[in-house]
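Have a look at the structure below before the remarks.
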2 protein chains.
Amino acid sequence: MSTMTAAQQREQAKVAYDAFVAGCPSRQLLDRISDKWVALVLAALADEGTMRFSQLGRRLAGVSQKMLTQTLRSLERDGLVVRSVTPTVPVTVDYTLTPLGESLDELMRGLKAWAEAHMDVVQAARDEYDAR
Amino acid sequence: MSTMTAAQQREQAKVAYDAFVAGCPSRQLLDRISDKWVALVLAALADEGTMRFSQLGRRLAGVSQKMLTQTLRSLERDGLVVRSVTPTVPVTVDYTLTPLGESLDELMRGLKAWAEAHMDVVQAARDEYDAR
């Protein structure tokens, strides 16, 4: 029926993604990536290159083992992180950003830096709001 | 006791914020702003300038009234959005971005655009992962 090429279909699909639309897959993806643990895992891996699970756990102070496992699995499934297993004794498991993960990290790093840079002015706004 | 000027104190405080640290206020702020509804409210207000609550509710398809109320209140408290009440009958309540909100929107808009632009490649990665 359709006379569109695969490239045209992809182009049309790309235009159609709109996170304002509840049922759009990009809404769910935006939800997935809008996450402080995602921001911190990406920033840590971008800083260090390759890290083991235990190193990530130490760098992301306060993260639970379960939350870190879930976050890494989701990042791996979404093609943002590569998990590589080396058959040492015990087995060595490393995590590295993919180029796609690096492209997202550039944005998420901006979010982390924004939070750190604007903490004072946000706190001042909160104090003023709470004093009303 | 301290001989630091206010500017020096601010500078020192700024250096001290580190979202990798569990107890750092910037970790909690990163958590607050890493939110799809925050991204969508900021993008909508940046597009439209000023919007009423009901307009925002329609633009953010699928958002509940409670979630939109909570998100807007938190954005107002953090100094990212101004809520203005005009004493019409019934009362008119409008929301507008502050300059601080605009600065965050530039980042969050990047996140929304990233999700929309990379949905296809993420879906391909998921399909591959799930087929393993």
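Here, A, B, ... name the chains of the structure tokens in the order displayed, residue numbers run from 1 inside each chain, and ligands are numbered from 1 in the same displayed order.
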task: From a DSSP calculation on the backbone, collect every residue of stretch 9-132 of chain A in strand (DSSP E or B) and output the set as a PyMOL selection string.
output: chain A and resi 50-52+81-86+92-97
Determine, for each residue of chain A having at least one atom at most 8 Å from an atom of chain B, the closest pair of atoms and their separation in Å to one decimal, counting only C-alpha atoms; order by chain and ascending number, as a tab-separated table.
residue	atom	partner	partner_atom	distance
A:Lys14	CA	B:Ala117	CA	6.5
A:Tyr17	CA	B:Glu116	CA	5.3
A:Asp18	CA	B:Glu116	CA	6.3
A:Ala19	CA	B:Lys112	CA	6.8
A:Phe20	CA	B:Leu60	CA	5.4
A:Val21	CA	B:Ala61	CA	5.6
A:Ala22	CA	B:Ala61	CA	5.2
A:Pro25	CA	B:Met119	CA	7.3
A:Ser26	CA	B:Glu116	CA	5.2
A:Arg27	CA	B:Ala115	CA	7.7
A:Leu29	CA	B:Ala115	CA	5.9
A:Leu30	CA	B:Ala115	CA	5.5
A:Asp31	CA	B:Lys36	CA	5.1
A:Ser34	CA	B:Ser34	CA	4.5
A:Asp35	CA	B:Ser34	CA	5.1
A:Lys36	CA	B:Asp31	CA	5.1
A:Leu40	CA	B:Phe20	CA	6.8
A:Arg59	CA	B:Phe20	CA	6.7
A:Leu60	CA	B:Phe20	CA	5.4
A:Ala61	CA	B:Ala22	CA	5.2
A:Gly62	CA	B:Ala22	CA	5.4
A:Arg77	CA	B:Arg126	CA	5.2
A:Asp78	CA	B:Val122	CA	5.1
A:Gly79	CA	B:Ala125	CA	5.1
A:Leu104	CA	B:Trp114	CA	7.4
A:Leu107	CA	B:Leu111	CA	6.6
A:Met108	CA	B:Leu111	CA	7.8
A:Gly110	CA	B:Leu107	CA	6.7
A:Leu111	CA	B:Leu107	CA	6.6
A:Lys112	CA	B:Leu30	CA	6.1
A:Trp114	CA	B:Leu104	CA	7.4
A:Ala115	CA	B:Ser26	CA	5.4
A:Glu116	CA	B:Ser26	CA	5.2
A:Ala117	CA	B:Lys14	CA	6.2
A:Met119	CA	B:Ser26	CA	6.0
A:Asp120	CA	B:Lys14	CA	7.8
A:Val122	CA	B:Asp78	CA	5.1
A:Gln123	CA	B:Asp78	CA	7.1
A:Ala125	CA	B:Gly79	CA	5.1
A:Arg126	CA	B:Arg77	CA	5.2
A:Tyr129	CA	B:Arg77	CA	5.6
A:Asp130	CA	B:Arg77	CA	7.8
query: If you measure from atom CA of A:Leu42 to atom CA of A:Thr86, what distance in Å do you get, rounded to one decimal?
result: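 Computing it gives 21.7 Å between the two atoms.
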message: If you run DSSP on the backbone here, which positions in stretch 62-94 of chain A get alpha helix (DSSP H)? Please write them as number ranges by chain.
response: A: 65-77
message: So that I can see what lies close to A:Ser84, please list as number ranges by chain the residues with an atom at most 9 Å from it, counting only C-alpha atoms and leaving out residues fewer than 4 positions away in the same chain.
response: A: 92-96
message: Restricting the calculation to only C-alpha atoms: of B:Thr5, B:Gln70, B:Gln65, B:Gly49, which residue gets closest to B:Thr98?
response: B:Gly49
- request: Using atom CA of A:Phe53 and atom CA of A:Arg83 as the two end points, give the distance in Å to one decimal.
  value: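 One can read the atom CA of A:Phe53 to atom CA of A:Arg83 distance as 9.9 Å.
Taking atom CA of A:Val81 and atom CA of A:Gly101 as the two end points, the separation is 6.2 Å.
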